[in-house]
Each structure stands twice: as structure tokens, then as C-alpha cells.
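Have a look at upload-v2.csv; it's CSV, C-alpha atoms and all ligand atoms:
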```csv
chain,number,residue,atom,x,y,z
A,27,MET,CA,21.1,12.7,9.4
A,28,ARG,CA,18.3,11.6,7.1
A,29,ARG,CA,15.4,14.0,6.4
A,30,ILE,CA,12.1,12.0,6.3
A,31,SER,CA,9.0,13.3,4.7
A,32,LEU,CA,6.1,11.4,6.2
A,33,PHE,CA,2.8,11.4,4.3
A,34,GLY,CA,0.0,9.8,6.3
A,35,ALA,CA,1.7,10.6,9.6
A,36,THR,CA,-1.3,9.9,11.7
A,37,GLY,CA,-2.1,6.4,10.4
A,38,THR,CA,-0.6,3.0,11.4
A,39,ILE,CA,2.4,3.3,9.1
A,40,GLY,CA,3.0,6.8,10.5
A,41,ASP,CA,3.0,5.4,14.1
A,42,ASN,CA,5.5,2.7,13.2
A,43,ALA,CA,7.8,5.1,11.2
A,44,LEU,CA,7.8,7.5,14.2
A,45,GLN,CA,8.7,4.7,16.6
A,46,LEU,CA,11.9,4.2,14.4
A,47,VAL,CA,12.6,7.9,14.6
A,48,ASP,CA,12.3,7.7,18.4
A,49,LEU,CA,14.7,4.8,18.5
A,50,HIS,CA,17.2,6.6,16.3
A,51,PRO,CA,17.0,10.4,17.0
A,52,GLU,CA,20.6,10.8,15.8
A,53,ARG,CA,19.8,9.3,12.4
A,54,PHE,CA,16.4,10.8,11.4
A,55,THR,CA,14.7,14.2,11.4
A,56,ILE,CA,11.2,14.9,10.1
A,57,GLU,CA,10.8,17.3,7.1
A,58,VAL,CA,7.1,17.0,6.3
A,59,MET,CA,4.2,15.5,8.1
A,60,SER,CA,0.7,15.1,6.5
A,61,ALA,CA,-2.7,14.1,7.8
A,62,HIS,CA,-6.0,13.8,6.1
A,63,GLN,CA,-8.2,15.1,8.9
A,64,ASN,CA,-6.8,14.2,12.3
A,65,VAL,CA,-6.0,17.7,13.5
A,66,GLU,CA,-5.4,16.8,17.1
A,67,LYS,CA,-2.9,14.1,16.4
A,68,LEU,CA,-1.1,16.1,13.7
A,69,VAL,CA,-0.7,19.0,16.1
A,70,ALA,CA,0.7,16.7,18.9
A,71,LEU,CA,3.1,15.1,16.4
A,72,ALA,CA,4.2,18.6,15.1
A,73,ARG,CA,5.0,19.7,18.7
A,74,ARG,CA,7.0,16.6,19.3
A,75,TYR,CA,8.9,16.2,16.0
A,76,GLN,CA,9.2,19.8,14.8
A,77,PRO,CA,8.8,19.2,11.1
A,78,LYS,CA,9.4,22.1,8.6
A,79,CYS,CA,6.1,21.6,6.8
A,80,LEU,CA,2.6,20.3,7.7
A,81,VAL,CA,-0.2,19.3,5.3
A,82,ILE,CA,-3.8,18.8,6.3
A,83,GLY,CA,-6.9,17.9,4.2
A,84,ASP,CA,-8.9,21.1,4.1
A,85,ALA,CA,-8.9,24.9,4.9
A,86,GLU,CA,-11.0,24.5,8.0
A,87,ALA,CA,-8.7,21.9,9.5
A,88,ALA,CA,-5.7,24.0,8.5
A,89,ALA,CA,-7.1,27.0,10.5
A,90,GLN,CA,-7.4,24.7,13.5
A,91,VAL,CA,-3.8,23.5,13.1
A,92,LYS,CA,-2.6,27.2,12.9
A,93,GLN,CA,-4.6,28.2,15.9
A,94,SER,CA,-3.2,25.3,18.0
A,95,LEU,CA,0.4,25.8,16.8
A,96,ALA,CA,0.7,29.6,17.2
A,97,ASP,CA,4.5,29.5,17.3
A,98,PHE,CA,5.0,27.1,14.4
A,99,SER,CA,7.4,28.7,12.0
A,100,GLY,CA,7.1,26.2,9.1
A,101,ASP,CA,4.6,26.0,6.3
A,102,ILE,CA,1.1,24.7,6.7
A,103,LEU,CA,-0.3,23.5,3.4
A,104,ILE,CA,-3.7,22.3,2.4
A,105,GLY,CA,-5.3,19.5,0.4
A,106,GLU,CA,-4.0,17.8,-2.7
A,107,ALA,CA,-2.1,20.8,-4.0
A,108,GLY,CA,-0.4,21.1,-0.6
A,109,LEU,CA,0.5,17.4,-0.7
A,110,VAL,CA,2.1,17.8,-4.1
A,111,GLU,CA,4.0,21.0,-3.0
A,112,ALA,CA,5.2,19.2,0.2
A,113,ALA,CA,6.3,16.1,-1.8
A,114,GLN,CA,8.5,18.3,-3.9
A,115,ARG,CA,10.5,19.6,-0.9
A,116,PRO,CA,14.0,18.1,-0.8
A,117,CYS,CA,14.4,15.2,1.6
A,118,ASP,CA,16.3,11.9,1.8
A,119,VAL,CA,13.4,9.5,2.2
A,120,THR,CA,9.7,10.0,1.4
A,121,VAL,CA,7.5,7.6,3.3
A,122,MET,CA,4.3,7.6,1.3
A,123,ALA,CA,1.5,6.1,3.5
A,124,ILE,CA,-1.5,8.0,2.2
A,125,VAL,CA,-4.3,5.5,1.6
A,126,GLY,CA,-5.7,4.9,-1.9
A,127,PHE,CA,-5.6,6.7,-5.3
A,128,ALA,CA,-5.3,10.0,-3.4
A,129,GLY,CA,-1.6,9.2,-2.9
A,130,LEU,CA,-0.8,9.1,-6.6
A,131,LYS,CA,-0.1,12.8,-7.3
A,132,PRO,CA,2.1,13.3,-4.3
A,133,ALA,CA,3.9,10.0,-5.1
A,134,LEU,CA,4.6,11.2,-8.6
A,135,ALA,CA,5.9,14.5,-7.3
A,136,ALA,CA,8.2,12.7,-4.8
A,137,ALA,CA,9.4,10.3,-7.5
A,138,GLN,CA,11.2,13.3,-9.1
A,139,LEU,CA,13.5,14.0,-6.1
A,140,GLY,CA,16.2,11.4,-7.0
A,141,HIS,CA,16.2,10.0,-3.4
A,142,ILE,CA,14.4,7.0,-1.7
A,143,LEU,CA,10.7,6.8,-2.2
A,144,ALA,CA,9.4,4.3,0.3
A,145,LEU,CA,5.9,3.3,-0.8
A,146,ALA,CA,3.3,2.0,1.6
A,147,ASN,CA,0.6,3.0,-0.8
A,148,LYS,CA,0.0,0.1,-3.2
A,149,GLU,CA,-3.0,1.7,-4.9
A,150,CYS,CA,-0.7,4.2,-6.7
A,151,LEU,CA,1.4,1.4,-8.2
A,152,VAL,CA,-1.8,-0.6,-9.1
A,153,ALA,CA,-3.4,2.4,-10.8
A,154,ALA,CA,-0.4,3.9,-12.4
A,155,GLY,CA,2.5,1.5,-12.1
A,156,PRO,CA,4.1,2.2,-15.5
A,157,LEU,CA,3.9,6.0,-15.1
A,158,LEU,CA,5.2,6.0,-11.6
A,159,MET,CA,8.1,3.6,-12.3
A,160,ARG,CA,9.1,5.6,-15.4
A,161,GLN,CA,9.0,8.9,-13.4
A,162,ALA,CA,11.2,7.3,-10.7
A,163,SER,CA,13.8,5.9,-13.2
A,164,GLN,CA,14.0,9.1,-15.1
A,165,HIS,CA,14.9,11.0,-11.9
A,166,ASN,CA,17.1,8.3,-10.3
A,167,THR,CA,14.7,7.8,-7.5
A,168,THR,CA,14.9,4.4,-5.7
A,169,VAL,CA,11.4,3.0,-5.1
A,170,LEU,CA,11.4,0.8,-2.0
A,171,PRO,CA,8.3,-1.1,-1.0
A,172,ILE,CA,7.2,-0.9,2.6
A,173,ASP,CA,4.5,-3.5,1.9
A,174,SER,CA,5.9,-6.5,3.8
A,175,GLU,CA,5.6,-9.1,0.9
A,176,HIS,CA,7.3,-6.8,-1.6
A,177,ASN,CA,9.9,-5.7,0.9
A,178,ALA,CA,10.6,-9.4,1.4
A,179,ILE,CA,11.1,-9.9,-2.3
A,180,PHE,CA,13.2,-6.8,-2.7
A,181,GLN,CA,15.5,-8.1,0.0
A,182,LEU,CA,15.6,-11.5,-1.6
A,183,LEU,CA,16.6,-10.1,-5.0
A,184,ASP,CA,18.8,-7.2,-3.9
A,185,GLY,CA,21.9,-7.4,-5.9
A,186,ARG,CA,21.0,-10.9,-7.2
A,187,ARG,CA,20.7,-11.9,-10.8
A,188,ALA,CA,17.0,-12.4,-11.5
A,189,ASP,CA,17.4,-14.1,-14.9
A,190,GLY,CA,16.9,-17.6,-13.6
A,191,LEU,CA,13.8,-16.5,-11.7
A,192,GLU,CA,10.9,-19.0,-12.0
A,193,LYS,CA,8.3,-17.7,-9.5
A,194,MET,CA,7.8,-14.8,-7.2
A,195,ILE,CA,5.4,-15.8,-4.5
A,196,LEU,CA,3.6,-13.5,-2.1
A,197,THR,CA,2.2,-15.0,1.1
A,198,ALA,CA,-1.3,-14.2,2.4
A,199,SER,CA,-2.5,-14.7,5.9
A,200,GLY,CA,-5.9,-15.5,4.4
A,201,GLY,CA,-7.5,-12.7,6.5
A,202,PRO,CA,-10.0,-13.1,9.3
A,203,PHE,CA,-12.3,-15.3,7.2
A,204,ARG,CA,-9.9,-17.9,5.9
A,205,GLU,CA,-12.0,-20.7,7.3
A,206,ALA,CA,-15.4,-19.2,6.6
A,207,SER,CA,-18.1,-20.5,4.3
A,208,ARG,CA,-20.0,-18.5,1.8
A,209,SER,CA,-23.0,-18.2,4.1
A,210,ASP,CA,-20.7,-16.9,6.9
A,211,LEU,CA,-19.4,-14.2,4.5
A,212,GLU,CA,-22.9,-13.0,3.8
A,213,ASN,CA,-23.2,-11.8,7.4
A,214,VAL,CA,-19.8,-10.1,7.7
A,215,THR,CA,-20.0,-6.6,9.2
A,216,PRO,CA,-17.4,-3.8,8.9
A,217,SER,CA,-16.2,-4.4,12.4
A,218,MET,CA,-15.6,-8.1,11.8
A,219,ALA,CA,-13.8,-7.3,8.6
A,220,VAL,CA,-11.4,-4.8,10.1
A,221,ALA,CA,-10.3,-7.1,12.9
A,222,HIS,CA,-7.2,-8.7,11.2
A,223,PRO,CA,-5.7,-11.7,13.0
A,224,ASN,CA,-2.0,-10.9,12.5
A,225,TRP,CA,-1.6,-7.3,11.3
A,226,ASP,CA,-2.7,-4.0,12.9
A,227,MET,CA,-3.7,-1.9,9.9
A,228,GLY,CA,-6.1,0.8,8.7
A,229,ALA,CA,-9.7,0.1,7.8
A,230,LYS,CA,-9.4,0.1,4.0
A,231,ILE,CA,-6.5,-2.3,3.8
A,232,SER,CA,-8.1,-4.5,6.5
A,233,VAL,CA,-11.2,-4.9,4.4
A,234,ASP,CA,-9.0,-5.6,1.3
A,235,SER,CA,-7.2,-8.3,3.3
A,236,ALA,CA,-10.5,-9.9,4.3
A,237,THR,CA,-11.7,-10.1,0.6
A,238,LEU,CA,-8.2,-11.1,-0.6
A,239,MET,CA,-8.3,-8.0,-2.9
A,240,ASN,CA,-5.3,-6.9,-1.0
A,241,LYS,CA,-3.3,-9.9,-2.2
A,242,GLY,CA,-4.6,-9.3,-5.8
A,243,LEU,CA,-3.6,-5.6,-5.6
A,244,GLU,CA,-0.2,-6.8,-4.3
A,245,LEU,CA,0.3,-9.1,-7.3
A,246,ILE,CA,-0.3,-6.1,-9.6
A,247,GLU,CA,2.0,-4.0,-7.4
A,248,ALA,CA,4.8,-6.7,-7.7
A,249,HIS,CA,4.2,-6.9,-11.5
A,250,TYR,CA,5.0,-3.2,-11.9
A,251,LEU,CA,7.5,-2.8,-9.2
A,252,PHE,CA,9.7,-5.8,-10.2
A,253,GLN,CA,8.7,-5.9,-13.8
A,254,VAL,CA,7.9,-9.5,-13.7
A,255,ALA,CA,5.4,-11.3,-16.0
A,256,PRO,CA,2.0,-12.2,-14.5
A,257,GLU,CA,2.5,-15.9,-15.1
A,258,LYS,CA,5.5,-15.8,-12.8
A,259,LEU,CA,3.6,-14.3,-9.9
A,260,ASP,CA,1.7,-16.4,-7.4
A,261,VAL,CA,0.0,-16.4,-3.9
A,262,LEU,CA,0.3,-18.9,-1.1
A,263,VAL,CA,-1.9,-18.8,2.0
A,264,HIS,CA,0.3,-18.8,5.1
A,265,PRO,CA,-1.7,-18.1,8.2
A,266,GLN,CA,1.3,-17.5,10.5
A,267,SER,CA,2.5,-14.5,8.5
A,268,VAL,CA,6.1,-15.4,9.2
A,269,VAL,CA,7.3,-16.0,5.7
A,270,HIS,CA,6.5,-12.8,3.7
A,271,GLY,CA,7.7,-13.6,0.3
A,272,LEU,CA,9.5,-16.3,-1.7
A,273,VAL,CA,11.5,-16.4,-5.0
A,274,SER,CA,12.2,-19.7,-6.7
A,275,PHE,CA,14.9,-20.1,-9.3
A,276,SER,CA,15.4,-22.5,-12.3
A,277,ASP,CA,17.9,-24.6,-10.4
A,278,GLY,CA,15.3,-25.5,-7.8
A,279,SER,CA,16.4,-23.1,-5.1
A,280,VAL,CA,13.7,-21.3,-3.2
A,281,LEU,CA,14.6,-18.3,-1.1
A,282,ALA,CA,12.2,-17.0,1.6
A,283,GLN,CA,12.3,-14.0,3.8
A,284,LYS,CA,11.0,-14.4,7.3
A,285,GLY,CA,10.2,-12.1,10.2
A,286,SER,CA,7.5,-11.3,12.8
A,287,PRO,CA,4.5,-9.6,11.3
A,288,ASP,CA,5.6,-6.1,12.3
A,289,MET,CA,5.7,-3.2,9.9
A,290,ARG,CA,8.7,-1.7,11.7
A,291,THR,CA,10.9,-4.4,10.0
A,292,PRO,CA,10.1,-3.3,6.4
A,293,LEU,CA,10.0,0.4,7.4
A,294,ALA,CA,13.5,0.1,9.0
A,295,HIS,CA,14.8,-1.5,5.8
A,296,CYS,CA,13.4,1.3,3.7
A,297,MET,CA,14.3,4.2,6.0
A,298,ALA,CA,17.9,3.2,6.6
A,299,TYR,CA,18.5,1.5,3.2
A,300,PRO,CA,21.1,0.1,2.4
A,301,GLU,CA,22.1,0.0,6.1
A,302,ARG,CA,20.4,-2.2,8.7
A,303,ILE,CA,19.2,-0.7,11.9
A,304,ASN,CA,17.5,-1.9,15.1
A,305,ALA,CA,13.8,-1.8,14.5
A,306,GLY,CA,12.8,-2.6,18.1
A,307,VAL,CA,11.3,-5.9,16.9
A,308,ALA,CA,11.6,-9.0,19.1
A,309,PRO,CA,13.8,-11.6,17.5
A,310,LEU,CA,11.9,-14.2,15.5
A,311,ASP,CA,11.5,-17.4,17.6
A,312,LEU,CA,10.8,-20.2,15.2
A,313,ALA,CA,11.0,-22.8,17.8
A,314,ALA,CA,8.2,-21.1,19.8
A,315,ILE,CA,6.1,-20.8,16.6
A,316,GLY,CA,6.7,-24.5,15.9
A,317,SER,CA,5.1,-25.0,12.5
A,318,LEU,CA,4.6,-23.0,9.4
A,319,THR,CA,1.8,-24.0,7.1
A,320,PHE,CA,1.0,-23.2,3.4
A,321,ALA,CA,-2.1,-23.7,1.3
A,322,GLU,CA,-3.6,-22.6,-2.1
A,323,PRO,CA,-6.0,-19.6,-1.8
A,324,ASP,CA,-9.7,-20.3,-2.4
A,325,ARG,CA,-10.5,-18.1,-5.5
A,326,ASP,CA,-14.2,-19.2,-5.5
A,327,LEU,CA,-14.8,-18.0,-2.0
A,328,PHE,CA,-12.7,-14.9,-2.5
A,329,PRO,CA,-13.4,-13.8,-6.1
A,330,CYS,CA,-11.6,-10.5,-5.6
A,331,LEU,CA,-8.3,-12.3,-5.9
A,332,ALA,CA,-9.2,-13.8,-9.3
A,333,LEU,CA,-10.6,-10.4,-10.5
A,334,ALA,CA,-7.3,-8.8,-9.7
A,335,GLU,CA,-5.3,-11.6,-11.4
A,336,ALA,CA,-7.4,-11.2,-14.5
A,337,ALA,CA,-6.8,-7.4,-14.4
A,338,MET,CA,-3.1,-7.9,-14.1
A,339,ARG,CA,-3.1,-10.2,-17.1
A,340,ALA,CA,-5.2,-7.8,-19.1
A,341,GLY,CA,-3.0,-4.8,-18.3
A,342,GLY,CA,-3.7,-1.4,-19.8
A,343,VAL,CA,-6.1,0.6,-17.7
A,344,ILE,CA,-7.9,-2.4,-16.3
A,345,PRO,CA,-5.9,-2.4,-13.0
A,346,THR,CA,-6.7,1.3,-12.7
A,347,LEU,CA,-10.4,0.5,-13.1
A,348,LEU,CA,-10.2,-2.4,-10.6
A,349,ASN,CA,-8.6,-0.1,-8.0
A,350,GLY,CA,-11.1,2.7,-8.5
A,351,ALA,CA,-14.1,0.3,-8.3
A,352,ASN,CA,-12.7,-1.4,-5.3
A,353,GLU,CA,-12.1,1.8,-3.4
A,354,GLU,CA,-15.7,2.8,-3.9
A,355,ALA,CA,-17.0,-0.7,-3.0
A,356,VAL,CA,-14.9,-0.8,0.2
A,357,ALA,CA,-16.1,2.7,1.2
A,358,ALA,CA,-19.7,1.7,0.6
A,359,PHE,CA,-19.2,-1.5,2.7
A,360,LEU,CA,-17.6,0.4,5.5
A,361,ALA,CA,-20.5,2.9,5.4
A,362,GLY,CA,-23.0,0.0,5.7
A,363,ARG,CA,-24.4,0.5,2.3
A,364,ILE,CA,-23.5,-2.9,0.8
A,365,GLY,CA,-22.7,-6.4,2.2
A,366,PHE,CA,-19.3,-8.0,2.2
A,367,LEU,CA,-20.0,-10.3,-0.8
A,368,GLN,CA,-21.2,-7.3,-2.9
A,369,ILE,CA,-17.7,-5.8,-2.9
A,370,ALA,CA,-16.6,-8.4,-5.5
A,371,ASP,CA,-20.0,-8.2,-7.3
A,372,LEU,CA,-19.6,-4.4,-7.8
A,373,VAL,CA,-16.0,-4.6,-9.0
A,374,ALA,CA,-16.8,-7.5,-11.4
A,375,ASP,CA,-19.8,-5.6,-12.8
A,376,VAL,CA,-17.9,-2.4,-13.3
A,377,LEU,CA,-15.0,-4.2,-15.1
A,378,ALA,CA,-17.5,-6.1,-17.3
A,379,GLN,CA,-18.9,-2.8,-18.6
A,380,PHE,CA,-15.5,-1.7,-20.0
A,381,ALA,CA,-14.8,-2.3,-23.6
A,382,ASP,CA,-11.9,-0.3,-24.9
A,383,ASN,CA,-8.5,-1.0,-23.3
A,384,SER,CA,-6.3,0.9,-25.8
A,385,GLN,CA,-5.5,3.9,-23.6
A,386,ASP,CA,-1.9,5.0,-23.0
A,387,VAL,CA,-1.3,4.0,-19.4
A,388,ALA,CA,1.8,6.1,-19.2
A,389,SER,CA,-0.3,9.2,-19.3
A,390,LEU,CA,-1.7,10.9,-16.2
A,391,GLU,CA,-4.8,12.0,-18.1
A,392,ALA,CA,-5.6,8.4,-19.1
A,393,ILE,CA,-5.1,7.2,-15.6
A,394,PHE,CA,-7.4,9.9,-14.1
A,395,ALA,CA,-10.0,9.4,-16.8
A,396,ALA,CA,-10.1,5.6,-16.1
A,397,ASP,CA,-10.2,6.1,-12.4
A,398,HIS,CA,-13.1,8.6,-12.8
A,399,TRP,CA,-15.0,6.2,-15.2
A,400,ALA,CA,-14.7,3.3,-12.7
A,401,ARG,CA,-15.9,5.4,-9.7
A,402,GLU,CA,-18.8,6.8,-11.8
A,403,LYS,CA,-19.9,3.3,-12.8
A,404,ALA,CA,-19.5,2.2,-9.2
A,405,ARG,CA,-21.8,5.0,-7.9
A,406,ILE,CA,-24.4,4.1,-10.5
A,407,TRP,CA,-24.2,0.5,-9.3
A,408,LEU,CA,-24.6,1.5,-5.7
A,409,GLU,CA,-27.6,3.7,-6.5
A,410,LYS,CA,-29.3,0.7,-8.2
A,411,ALA,CA,-28.4,-1.6,-5.4
A,412,ALA,CA,-29.9,0.8,-2.7
B,1,MG,MG,1.2,-6.6,2.3
```

Could you express the structure from this file as C-alpha cells?
Ligand code: MG
Amino acid sequence: MRRISLFGATGTIGDNALQLVDLHPERFTIEVMSAHQNVEKLVALARRYQPKCLVIGDAEAAAQVKQSLADFSGDILIGEAGLVEAAQRPCDVTVMAIVGFAGLKPALAAAQLGHILALANKECLVAAGPLLMRQASQHNTTVLPIDSEHNAIFQLLDGRRADGLEKMILTASGGPFREASRSDLENVTPSMAVAHPNWDMGAKISVDSATLMNKGLELIEAHYLFQVAPEKLDVLVHPQSVVHGLVSFSDGSVLAQKGSPDMRTPLAHCMAYPERINAGVAPLDLAAIGSLTFAEPDRDLFPCLALAEAAMRAGGVIPTLLNGANEEAVAAFLAGRIGFLQIADLVADVLAQFADNSQDVASLEAIFAADHWAREKARIWLEKAA
């Protein structure tokens, strides 16, 4: 029996993880469930899965949870401190699916358990990759990526010598605006941006997919997770989202991992690792799909990708700044405060204001200071733009 601690239980990743628990009740039990603010859904999940510990965003929501679950005998914890405390509880697999930089402290706490840390949150690797990976290796924690492209690469490299590695390639669907023109992009609304053609995802990552920032963040994620040099990382647009990742070797071999675009596949890989379990996913029917196509991404139309690539090459705290500025920009776009094209403008302007990249990126203080600096500059930018 594996104890699963599920952070971000009420989101899309949470839904998919719990479908796997439903398929394998003899294999998984739930230790922790967290939600940011969805009291109703957390209460329903708690009744069904009987976790030992719940975490919710604030005291008011916690009071509602307590009232609704009068006979709940476990702990009900609150906010960031509650997340960190819950992340320290012993379990076998932590599924970390909190969105954004907010997942960093709980991920760092979970990395000390010496178990499997299954990461759906890419922002914590982008913002604090060296710190998180060092913490995990010091405590014998295995970090497994739930992100489909990284999960693909992990599967391709698992147990294989990586010394002849030439390229690590992440595929990108290209998002909903793959064939758009710049003038089309000027008029993109939040509801258009969150309607992804292949993947069913939360709002933040859907907007990131539409700007291609998601793919840029994923390059940085891969850089830290697999400790591979920036020049060996690349992106291929692949609209069918069947090939998720490729690795090429010096002898000319190129390995690719394929699967339907369904998060249950990488989740099953992480939750049962190193075993394989049924994920409830229909078999991949390549004959029905017929053709798989590939193209170069358009970095002029989607400057967020180039910004992220430059941040990866610069290293230091630049990826942290990129992430902080992007989170603020996406929130402003979703709130209707800025247009779609201004997301890249804001991130570029914030990064251009930064001069000193000599901070120690393995220190939590430096990471938080950089994140705070970027968000502050983003807020000033937004006030000026209003
Ligand atoms: Mg991905």
C-alpha cells in the first residue's frame, strides 16, 4: 500500500491522480489532501478518500471545512505553514500539483522525506532548481516529473547511459494560436487562451501554453531536472501531442516516447514507479492518427519562448525573475488588465531592469528576494500600463 500525499487535490492533476487511486484501491491510500480555496470539493474528496490530513488556504475556509466534516478525526491545517507541515508528514509519494511559486516551500519540505516526489509544479524547478535538486539528493528523494515531456525524457533515459547524449527535445503542441498572426494575437481573450486543443489543464498553464512560455519554463525545468546544458535542449512543435519527448545520441539514434495526451499516463508512471500499472488510458492507435508532424517554433510570434531560453542560458536568479514576472503577467491577463501580447512585453521589461546576477541561487533567501523583486517591478509596470 502506497501512501499518497496529494497537494492541489481539487485541480486537474488532482482529478487524474484520484482516478488512478479509484482504479487501484488495493495499491494507494491518501495521506494528505490540499486545496487552495475550493472548500466544497475538498470536503467531498475528504469524505470519499478519508485522508489523515487536510490543508486549505485560509482560516475562514478551514472553519467551513471543519463545520462540514464534523466527524473528521484528522488534522485540518491552514495556508503556507499548513502546507509545509503537511508536506513533512511521512508518505511514500508526494504528488505536488500546487500551481506556481506557491508550491516551492512545500516542495522543499517534501524533498526531505527520502521518498518519491512527483512534481507537476514546474515553477518551483524554474525558480529554485539548484536548491530543490540539492535538497532532494541530500535526502535520497527521487524527483519524478509528472510534466508529460519530462516524464517522457525520464522514461527514455531511465537506466541508460547519457554520456552520448546530443539533444534532448521537448515537443510543444503549439497551443491554440499555432496558426495565428500577430494581429490575431492582439485580440485574444482569456477564454480563448484557456481553451487548449489537446490538453485539459488549469488556467495558468493554459495561458502559458498559448504564449509558449510553458515550453520555455519546461526547457528550464529540464535543464535543472536532468542537469543538461542549455545548448543541448530544444523544442519541436508537434500539433498532435503524441510524441512527448525525444533524446538523440551521438551515434544517430533518436528515441521518442509516445502516448495519448492524457495526464494519467505520466501520473501512473510516477505513482507506481518503478512498476507499471493500468492507467485507464485507451491504447494509442497510431494507424487512426495517421500522421505525425513536426515544425520549428515561431520565436518572433511567441517571444516568451525566446525570453525563457535566454533566461536559461543566463542562469543565476534570471529564471526566478522570469517566473515571478510571468506569474504576475498571466494573473493580470486573466483579470482582463492587460492584453495577450503584453504578457511578453511585461516579462521582457522586468528582466531588462535587472543588472546584478551574482546571487547565490542555492539559498532560499536569494530565491525569495528575486521573486519578490520581479513581482514588485511587474506591479509597477502594470500600474503604468493602466
Ligand atoms: Mg508539459

Fewer than 2 positions away in the same chain doesn't count, so skip those; otherwise give me all residues within 12 Å of Asp311 of chain A, counting only C-alpha atoms, as a ChimeraX atom specification.
/A:268,284-286,307-309,313-317

Around ligand MG 1 (chain B), which protein and nucleic acid residues have at least one atom no more than 6 Å from it, if we count all atoms listed in the file? List them as a list in words.
Asp173, Ser174 and Glu175 of chain A

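Pairwise distance (atom CA of Ser60 of chain A, atom CA of Thr346 of chain A) equals 24.8 Å.
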
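Minimum distance to Glu66 of chain A across A:Ile82, A:Val125, A:Leu243, A:Ala388 (counting only C-alpha atoms) occurs at A:Ile82.
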
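Each of A:Met122, A:Cys330, A:Val152, A:Leu196 was compared to Gly271 of chain A using all atoms listed in the file, and A:Leu196 turns out to be the nearest.
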
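Proximity to Ala334 of chain A was assessed for A:Asp48, A:Glu257, A:Glu322, A:Glu244 counting all atoms listed in the file; the smallest distance is recorded for A:Glu244.
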
Residues within 12 Å of (0.3, 14.5, -9.1), counting all atoms listed in the file, listed as a count of residues only:
31

Spatial neighbours of segment 368-385 of chain A, max dist 10 Å, all atoms listed in the file, sep filter under 2 positions, as a PyMOL selection string:
chain A and resi 212+233-234+237+239+328-334+337+340-345+347-359+363-366+387-389+391-393+395-396+399-408+411

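Candidate residues A:Ala236, A:Leu170, A:Leu262, A:Met159 were compared for distance to Ser217 of chain A, and the nearest is A:Ala236, using only C-alpha atoms.
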
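Atom to atom, atom CA of Leu251 of chain A and atom CA of Leu151 of chain A stand 7.5 Å apart.
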
Using only C-alpha atoms: which of A:Glu335, A:Glu52, A:Asp84, A:Asp210 has the shortest distance to Ala248 of chain A
A:Glu335

Judged by all atoms listed in the file, the minimum distance to Phe54 of chain A among A:Ile179, A:Ile102, A:Met297, A:Val121 is found for A:Met297

Please produce, as a Markdown table, a per-residue contact table for segment 98-200 of chain A versus segment 300-306 of chain A (criterion: any atom at most 12 Å away, all atoms listed in the file considered), showing the nearest atom pair and its distance in Å to one decimal, sorted by chain then residue number.
```
| residue | atom | partner | partner_atom | distance |
| --- | --- | --- | --- | --- |
| A:Ile142 | CA | A:Pro300 | CA | 10.5 |
| A:Thr168 | CA | A:Pro300 | CA | 11.1 |
| A:Leu170 | CA | A:Pro300 | CA | 10.7 |
| A:Phe180 | CA | A:Pro300 | CA | 11.7 |
| A:Gln181 | CA | A:Pro300 | CA | 10.2 |
| A:Asp184 | CA | A:Pro300 | CA | 9.9 |
| A:Gly185 | CA | A:Pro300 | CA | 11.2 |
```

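In this structure, atom CA of Pro116 of chain A sits 12.8 Å away from atom CA of Thr55 of chain A.
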
Give me the residues near Ile30 of chain A as a PDB file with C-alpha atoms, in the frame of the given file, where near means some atom within 7 Å (using only C-alpha atoms) and where sequence neighbours in that chain fewer than 5 positions away do not count.
```pdb
ATOM      1  CA  PHE A  54      16.400  10.800  11.400  1.00  0.00           C
ATOM      2  CA  THR A  55      14.700  14.200  11.400  1.00  0.00           C
ATOM      3  CA  ILE A  56      11.200  14.900  10.100  1.00  0.00           C
ATOM      4  CA  GLU A  57      10.800  17.300   7.100  1.00  0.00           C
ATOM      5  CA  CYS A 117      14.400  15.200   1.600  1.00  0.00           C
ATOM      6  CA  ASP A 118      16.300  11.900   1.800  1.00  0.00           C
ATOM      7  CA  VAL A 119      13.400   9.500   2.200  1.00  0.00           C
ATOM      8  CA  THR A 120       9.700  10.000   1.400  1.00  0.00           C
TER       9      THR A 120
END
```

Cut-off 12 Å around (18.2, -22.5, -7.7) with all atoms listed in the file: residues as a compact mmCIF listing (two decimals) with C-alpha atoms, in the coordinates of the input:
```txt
# COMPACT_ATOMS: atom_id res chain seq x y z
CA ARG A 186 21.00 -10.90 -7.20
CA ARG A 187 20.70 -11.90 -10.80
CA ALA A 188 17.00 -12.40 -11.50
CA ASP A 189 17.40 -14.10 -14.90
CA GLY A 190 16.90 -17.60 -13.60
CA LEU A 191 13.80 -16.50 -11.70
CA GLU A 192 10.90 -19.00 -12.00
CA LYS A 193 8.30 -17.70 -9.50
CA VAL A 273 11.50 -16.40 -5.00
CA SER A 274 12.20 -19.70 -6.70
CA PHE A 275 14.90 -20.10 -9.30
CA SER A 276 15.40 -22.50 -12.30
CA ASP A 277 17.90 -24.60 -10.40
CA GLY A 278 15.30 -25.50 -7.80
CA SER A 279 16.40 -23.10 -5.10
CA VAL A 280 13.70 -21.30 -3.20
CA LEU A 281 14.60 -18.30 -1.10
```

Find the spatial neighbours of segment 85-92 of chain A, counting all atoms listed in the file, within a cut-off of 7 Å - ignore same-chain residues fewer than 5 positions away - and output them as a ChimeraX atom specification.
/A:63,65,69,104

Close residues, Gln266 of chain A itself excluded, 9 Å, all atoms listed in the file, min 2 positions apart in chain, as a list in words
Ser199, Asn224, His264, Val268, Val269, Pro287, Ile315, Ser317, Leu318 and Thr319 of chain A
